[in-house]
Amino acid sequence: MDQLPLVTLVVVALCFLGSVDSSAYDKIVTHSRIRARKEGPNMCALQQVEGTKKKYFSTCRNWYKQSICGKKAEIVYECCPGYMKLNGMKGCPAVAPIDNVYNTLGLVKATTTQQYADMSKLKKEIEGTGTFTMFAPSNDAWEELNPTARAALENNVNIELFNALHYHMVNHRLMTKNMKNGITVTSMYNDQGLYINHYPNGIVTVNCARIIHGNQIATNGVVHVIDRVISSITGTINNFLENNDQLSSFSNAAFIAGITKKLDQPGQFTLFAPTNAAFDKLTPGFMESIFENEAVIKALVNYHLLNSIQCAEAIMAGSVYETEEGSTIQIGCDGDSLTVNGIKMVLKKDIVASNGVIHLIDQVLVPDSAKEVRELIGNSQSTFSDLVSEMGLTNSLGLDTQYTLLAPQNAAFTDEVMAEDEEYLKLILENHMLKLKVLLSTLYNGQLLETLSGKLLRVFIYRTAVCIESACMVQGSKEGINGALHVMSSLIKPADKTMFELLDADGRFKIFLSLMETAGLEDLLRQNGSYTIFAPTDEAFKALSAEDLDLLKSDLNALRNILLYHFSEGIFINGGLQPKVTSLLKSLQGKALHVKSENNSIHVNSVEVPNSDLMATNGVVHVVKNVLYPTDLPVGRQELLVVLQKLIKYIEIKFVSGFTYAEIPLTFIKRIITTTRYIEVPERKTVIIEEQPSVQTVTRVIERNPTIKQVTRVIKTDPSVSKVVVGRDQSTKKVTRIISRQPTASKVTRIIGAGGEDRTGRTRTETSRTTITTVNEPQIIAVPDFSKITSFGENPALLKEESGKITKIIQEGGGFAAARKAPAEIRRRVRVVKRHHKPME
């Protein structure tokens with residue numbers, strides 16, 4: 001095997017090796033040796049940031065990107081720790097000599113530290129007996145120290161410089177493998193702590209100073225070279241906030257949020273502390289608007305706080321970290337600068353406290369939970385945001401209102417959509433606004449969400465998607481101070497037709513609907529429920545003759561088996577199917593449908609679905625141009641096989657002589673049963689007749705030659721008016737009936753008066769006297785049942801039917817006066833009403 005590929009494989013294997021009992025730093029050094037093996041023994045490959053002196057034993061990620069903190073990194077080769085070069089020999093074949101700590105400082109080129117050890121009388125101590133760990137600042141580290149601070153050390157070498165060097169020492173040997181993340185070790189200066197952090201990328205820091213050359217063994221200890229001079233730590237993060245005037249605004253916010261106590265306790269925190277100037281950049285009135293909301297203030301402060309120590313020197317590339325608020329921020333680097341969420345905002349980094357590290361920033365980080373929902377809308381939903389403003393819908397989205405925005409991406413607003421009239425466009429937008437705050441975590445399958453327009457939207461939960469109607473959510477759901485935002489892949493269109501209405505209105509499914517009717521399955525398309533149907537168009541049946549269709553309809557079990565194989569219980573839309581993975585949907589026939597979504601289109605049993613996601617109130621319709629049939633379902637009749645072979649060409653249907661289709665119980669079809677209940681009207685009810693404006697008119701045709709009587713009943717009921725007229729033409733006799741019931745008795749007053757002409761043309765008038773009859777019990781009068789009729793005018797057929805009943809009653813001589821026998825349980829005694837008429841003139 002070629003040597004280069006072999007080396008590459010070894011490097012890749014090491015990059016993913018996590019079970020070796022060694023520290024992250026040791027693994028990175030081992031990787032560096034593998035990468036430099038062509039340069040000779042014990043050589044290590046490092047990456048040096050272009051234009052700087054910074055060198056790193058880099059991770060696989062940085063190595064293959066050939067960059068660190070976004071800056072190009074060139075490869076340099078050096079002796080690995082503990083080895084040295086020999087003249088005329090390749091690589092670093094010699095082991096570095098082991099000497100005391102003082103002389104080892106010269107070996108690792110920390111000569112300034114060695115010189116200061118000599119000046120401060122520390123030399124004798126670190127040359128003598130004992131065991132020490134020295135974190136020795138490099139020469140460059142001393143050069144970068146503040147000149148005033150350095151001068152103070154050099155002017156008082158016996159105390160200040162001696163103490164400063166002692167703070168860089170531990171009185172026992174400490175190798176990098178012993179430096180666990182988050183430990184504190186005791187220094188040799190007043191037992192003050194040194195704060196160790198060991199990161200997964202191999203970086204090891206001491207008070208945020210990076211070890212750039214570690215594990216140089218000495219006879220009386222070990223030397224680690226670090227990239228900066230460190231100073232003693234005495235206070236907590238909260239102490240720093242209280243004593244720094246330029247952080248008073250954030251300190252006040254932390255106090256209101258109740259976070260100050262937490263920042264005084266031991267821990268491993270990173271605080272991105274915004275200065276007062278950063279607060280001045282906020283929108284005027286923002287802080288005032290949230291100060292009364294403790295939860296929002298707490299979220300704001302916690303969004304600046306991490307529960308881990310992230311020193312600047314440990315950041316080699318952008319990484320995402322969870323804040324104490326619960327959401328995440330990205331911390332990265334751009335050359336020597338730290339970035340937060342991709343923005344250079346760090347003014348001063350690595351201010352070390354006893355319980356963490358502080359980075360000063362020039363911007364306030366505002367979490368989504370402290371923003372209004374409208375502020376959460378991103379650039380990819382800007383069209384939606386603009387239209388909401390243009391349509392005047394922002395008034396419905398105030399700070400005091402809880403709501404949810406279902407914001408479609410810009411691509412959803414096509415030219416066709418934008419060409420709609422303003423009223424319809426406004427309705428579209430309102431259907432993307434919910435009246436309540438609905439978080440992603442609270443959604444469940446089948447949930448109904450009410451929109452601003454009053455429409456109800458259905459929620460569908462799938463394995464890899466959450467969808468509302470036929471639109472699915474994309475990543476980016478956010479929670480704001482007064483609601484939530486969910487980004488949608490497309491426009492949401494509430495369903496307003498059943499599957500039957502949708503198919504019937506479409507016009508392409510006449511044969512399918514006819515077969516459903518023949519099979520007694522039409523109610524399945526009408527009833528409430530959640531179904532997925534792969535509906536074949538008329539084109540799917542074009543190969544069949546009328547005789548073939550008749551044959552298909554003649555075998556009810558076969559027809560039902562074929563049709564029900566196109567149905568599955570549950571609503572499955574394209575966006576809810578996992579791409580390029582076959583989903584098995586159990587059909588109502590019993591066999592499985594093989595459904596696959598690929599390139600944004602659906603295939604069922606390898607048959608293409610040209611139109612998908614036609615949403616109905618009781619399901620979803622996917623259009624197919626082929627009739628579907630289970631591959632493992634045989635046919636037992638030769639003539640039916642011939643028909644099916646004409647119909648289904650994409651599979652080979654098996655013939656098994658004598659096979660019969662199983663009868664499918666239609667338990668999934670919901671039968672509607674209508675029941676009639678008789679309700680006895682309370683006796684104490686007064687009905688007044690012959691009073692405007694509520695009028696119910698009934699005209700009776702009386703079989704009497706040569707005249708026709710017209711009877712008009714005027715009843716005072718609701719404002720609604722129902723009118724039935726039976727009989728017409730020629731002379732009429734008008735009879736008006738007034739019925740009034742008192743609390744203790746019922747009074748029926750009948751006034752009859754009519755006028756008209758007889759055959760000779762003479763005028764004839766008939767009048768009757770008023771008779772009042774007291775009835776102590778209810779009367780039962782044989783009349784047609786109008787209890788279910790709300791308006792005769794809306795139903796001509798019913799009008800004709802009831803008029804016929806009235807005519808028949810009159811023709812048989814029963815009239816309205818004829819009492820019918822009441823049911824046994826409500827039979828009452830009825831008194832005879834005597835009537836006195838004037839003789840006809």
# chains A, B, ... in the order shown; residues from 1 in each chain; ligands from 1
>>> residues_around(residues="Val417 in chain A", least_positions_apart="3", cutoff="12 Å", atoms="only C-alpha atoms", output="CSV table (one decimal) with all heavy atoms, in the first residue's frame")
chain,number,residue,atom,x,y,z
A,383,THR,N,-40.9,39.0,3.5
A,383,THR,CA,-42.1,39.3,2.7
A,383,THR,C,-43.3,39.2,3.6
A,383,THR,O,-44.2,40.1,3.5
A,383,THR,CB,-42.2,38.3,1.5
A,383,THR,OG1,-41.0,38.4,0.7
A,383,THR,CG2,-43.4,38.7,0.7
A,384,PHE,N,-43.4,38.2,4.4
A,384,PHE,CA,-44.5,38.0,5.3
A,384,PHE,C,-44.6,39.2,6.3
A,384,PHE,O,-45.7,39.8,6.5
A,384,PHE,CB,-44.4,36.7,6.1
A,384,PHE,CG,-45.4,36.5,7.2
A,384,PHE,CD1,-46.7,36.2,6.9
A,384,PHE,CD2,-45.1,36.7,8.5
A,384,PHE,CE1,-47.7,36.0,7.9
A,384,PHE,CE2,-46.0,36.6,9.5
A,384,PHE,CZ,-47.3,36.2,9.2
A,387,LEU,N,-45.8,42.4,4.4
A,387,LEU,CA,-47.3,42.3,4.1
A,387,LEU,C,-48.1,42.5,5.4
A,387,LEU,O,-49.2,43.2,5.3
A,387,LEU,CB,-47.6,41.0,3.5
A,387,LEU,CG,-47.1,40.8,2.0
A,387,LEU,CD1,-47.4,39.4,1.5
A,387,LEU,CD2,-47.8,41.8,1.1
A,410,ASN,N,-40.0,33.4,2.2
A,410,ASN,CA,-40.3,34.3,1.1
A,410,ASN,C,-40.7,33.7,-0.2
A,410,ASN,O,-41.6,34.2,-0.9
A,410,ASN,CB,-39.0,35.2,0.8
A,410,ASN,CG,-38.7,36.1,2.0
A,410,ASN,OD1,-39.6,36.4,2.8
A,410,ASN,ND2,-37.5,36.5,2.1
A,411,ALA,N,-40.1,32.5,-0.5
A,411,ALA,CA,-40.5,31.8,-1.7
A,411,ALA,C,-41.9,31.4,-1.8
A,411,ALA,O,-42.4,31.2,-2.9
A,411,ALA,CB,-39.6,30.5,-1.9
A,412,ALA,N,-42.6,31.3,-0.7
A,412,ALA,CA,-44.0,30.9,-0.7
A,412,ALA,C,-44.9,32.0,-1.4
A,412,ALA,O,-46.0,31.7,-1.9
A,412,ALA,CB,-44.5,30.6,0.7
A,413,PHE,N,-44.4,33.3,-1.4
A,413,PHE,CA,-45.2,34.4,-1.9
A,413,PHE,C,-44.9,34.5,-3.4
A,413,PHE,O,-44.1,35.4,-3.8
A,413,PHE,CB,-45.0,35.6,-1.1
A,413,PHE,CG,-45.5,35.6,0.3
A,413,PHE,CD1,-44.7,35.2,1.3
A,413,PHE,CD2,-46.8,35.9,0.6
A,413,PHE,CE1,-45.2,35.1,2.6
A,413,PHE,CE2,-47.3,35.8,1.8
A,413,PHE,CZ,-46.5,35.4,2.9
A,414,THR,N,-45.5,33.7,-4.2
A,414,THR,CA,-45.2,33.7,-5.6
A,414,THR,C,-45.9,34.9,-6.3
A,414,THR,O,-46.7,35.6,-5.7
A,414,THR,CB,-45.7,32.4,-6.3
A,414,THR,OG1,-47.2,32.3,-6.1
A,414,THR,CG2,-45.0,31.2,-5.7
A,420,GLU,N,-53.2,38.5,-6.0
A,420,GLU,CA,-54.5,38.4,-5.4
A,420,GLU,C,-55.0,39.8,-4.9
A,420,GLU,O,-54.1,40.7,-4.6
A,420,GLU,CB,-54.5,37.4,-4.3
A,420,GLU,CG,-54.2,36.0,-4.7
A,420,GLU,CD,-55.4,35.3,-5.4
A,420,GLU,OE1,-56.5,36.0,-5.5
A,420,GLU,OE2,-55.2,34.2,-5.9
A,421,ASP,N,-56.3,40.0,-4.8
A,421,ASP,CA,-56.8,41.2,-4.3
A,421,ASP,C,-56.5,41.4,-2.8
A,421,ASP,O,-56.2,40.4,-2.1
A,421,ASP,CB,-58.3,41.4,-4.5
A,421,ASP,CG,-59.1,40.3,-3.8
A,421,ASP,OD1,-59.3,40.5,-2.6
A,421,ASP,OD2,-59.5,39.3,-4.4
A,422,GLU,N,-56.5,42.6,-2.4
A,422,GLU,CA,-56.0,42.9,-1.0
A,422,GLU,C,-56.8,42.2,0.1
A,422,GLU,O,-56.2,41.7,1.0
A,422,GLU,CB,-56.1,44.5,-0.8
A,422,GLU,CG,-55.5,44.9,0.5
A,422,GLU,CD,-55.5,46.4,0.6
A,422,GLU,OE1,-55.0,47.1,-0.3
A,422,GLU,OE2,-55.9,46.9,1.7
A,424,TYR,N,-58.4,39.3,-0.1
A,424,TYR,CA,-58.0,37.9,0.0
A,424,TYR,C,-56.6,37.7,0.5
A,424,TYR,O,-56.3,36.8,1.3
A,424,TYR,CB,-58.1,37.3,-1.4
A,424,TYR,CG,-57.8,35.8,-1.5
A,424,TYR,CD1,-58.7,34.9,-0.9
A,424,TYR,CD2,-56.6,35.3,-2.0
A,424,TYR,CE1,-58.4,33.5,-0.9
A,424,TYR,CE2,-56.3,33.9,-2.1
A,424,TYR,CZ,-57.3,33.0,-1.5
A,424,TYR,OH,-57.0,31.7,-1.5
A,425,LEU,N,-55.7,38.6,0.2
A,425,LEU,CA,-54.3,38.5,0.7
A,425,LEU,C,-54.3,38.7,2.2
A,425,LEU,O,-53.6,38.1,2.9
A,425,LEU,CB,-53.5,39.6,0.0
A,425,LEU,CG,-51.9,39.4,0.0
A,425,LEU,CD1,-51.6,38.0,-0.5
A,425,LEU,CD2,-51.3,40.5,-0.8
A,426,LYS,N,-55.2,39.6,2.7
A,426,LYS,CA,-55.3,39.8,4.1
A,426,LYS,C,-55.8,38.6,4.8
A,426,LYS,O,-55.3,38.2,5.9
A,426,LYS,CB,-56.2,41.0,4.4
A,426,LYS,CG,-56.3,41.4,5.9
A,426,LYS,CD,-57.3,42.6,6.0
A,426,LYS,CE,-57.4,43.0,7.5
A,426,LYS,NZ,-58.2,44.1,7.7
A,427,LEU,N,-56.7,37.9,4.2
A,427,LEU,CA,-57.2,36.6,4.7
A,427,LEU,C,-56.1,35.6,4.8
A,427,LEU,O,-56.0,34.8,5.8
A,427,LEU,CB,-58.4,36.1,3.9
A,427,LEU,CG,-59.1,34.8,4.4
A,427,LEU,CD1,-59.7,35.0,5.8
A,427,LEU,CD2,-60.1,34.4,3.4
A,428,ILE,N,-55.3,35.5,3.8
A,428,ILE,CA,-54.2,34.6,3.8
A,428,ILE,C,-53.3,34.8,5.0
A,428,ILE,O,-52.9,33.9,5.7
A,428,ILE,CB,-53.4,34.7,2.5
A,428,ILE,CG1,-54.2,34.1,1.3
A,428,ILE,CG2,-52.1,33.9,2.6
A,428,ILE,CD1,-53.5,34.3,0.0
A,429,LEU,N,-53.0,36.1,5.2
A,429,LEU,CA,-52.1,36.5,6.3
A,429,LEU,C,-52.7,36.1,7.7
A,429,LEU,O,-52.1,35.6,8.6
A,429,LEU,CB,-51.8,38.0,6.3
A,429,LEU,CG,-51.0,38.4,5.0
A,429,LEU,CD1,-50.8,39.9,5.1
A,429,LEU,CD2,-49.6,37.8,5.0
A,490,SER,N,-44.3,26.6,3.4
A,490,SER,CA,-45.2,27.1,2.3
A,490,SER,C,-46.4,27.7,3.0
A,490,SER,O,-46.5,27.8,4.2
A,490,SER,CB,-45.7,25.9,1.4
A,490,SER,OG,-46.3,24.9,2.2
A,491,LEU,N,-47.3,28.3,2.1
A,491,LEU,CA,-48.5,28.9,2.7
A,491,LEU,C,-49.5,27.9,3.2
A,491,LEU,O,-49.6,26.7,2.7
A,491,LEU,CB,-49.2,29.7,1.5
A,491,LEU,CG,-48.6,30.9,1.0
A,491,LEU,CD1,-49.4,31.5,-0.1
A,491,LEU,CD2,-48.3,31.9,2.1
>>> residues_around(residues="Glu143 in chain A", least_positions_apart="6", cutoff="12 Å", atoms="only C-alpha atoms", output="CSV table (one decimal) with N, CA, C and O atoms, in the first residue's frame")
chain,number,residue,atom,x,y,z
A,112,THR,N,13.7,34.5,29.9
A,112,THR,CA,13.3,35.7,30.7
A,112,THR,C,12.8,35.2,32.1
A,112,THR,O,13.2,35.8,33.1
A,113,THR,N,12.1,34.2,32.1
A,113,THR,CA,11.7,33.6,33.4
A,113,THR,C,12.9,33.1,34.2
A,113,THR,O,13.0,33.3,35.4
A,137,PRO,N,6.1,31.7,32.0
A,137,PRO,CA,5.7,32.5,30.9
A,137,PRO,C,6.9,32.6,29.8
A,137,PRO,O,8.0,32.6,30.2
A,149,ALA,N,3.2,47.4,35.0
A,149,ALA,CA,3.2,46.3,35.9
A,149,ALA,C,4.6,45.6,35.9
A,149,ALA,O,5.1,45.1,36.9
A,150,ARG,N,5.2,45.5,34.7
A,150,ARG,CA,6.5,44.8,34.6
A,150,ARG,C,7.5,45.6,35.4
A,150,ARG,O,8.4,45.1,36.1
A,151,ALA,N,7.5,46.9,35.2
A,151,ALA,CA,8.4,47.8,35.9
A,151,ALA,C,8.3,47.7,37.4
A,151,ALA,O,9.3,47.7,38.2
A,227,ASP,N,1.6,31.1,27.6
A,227,ASP,CA,1.7,32.2,26.7
A,227,ASP,C,1.4,33.6,27.3
A,227,ASP,O,1.3,34.6,26.6
A,228,ARG,N,1.2,33.7,28.7
A,228,ARG,CA,1.1,35.0,29.3
A,228,ARG,C,1.5,34.9,30.8
A,228,ARG,O,1.5,33.8,31.4
A,229,VAL,N,1.7,36.1,31.3
A,229,VAL,CA,2.0,36.2,32.8
A,229,VAL,C,0.7,36.2,33.5
A,229,VAL,O,-0.2,36.9,33.1
>>> atom_distance(atom1="CA of Asn146 in chain A", atom2="CA of Ile183 in chain A")
28.0 Å
>>> select_by_dssp(residues="range 400-562 of chain A", states="strand (DSSP E)", output="PyMOL selection string")
chain A and resi 403-408+433-434+448-450+456-461+466-468+471-472+478-480+483-488+531-536
>>> atom_distance(atom1="CA of Ile651 in chain A", atom2="CA of Leu666 in chain A")
27.5 Å
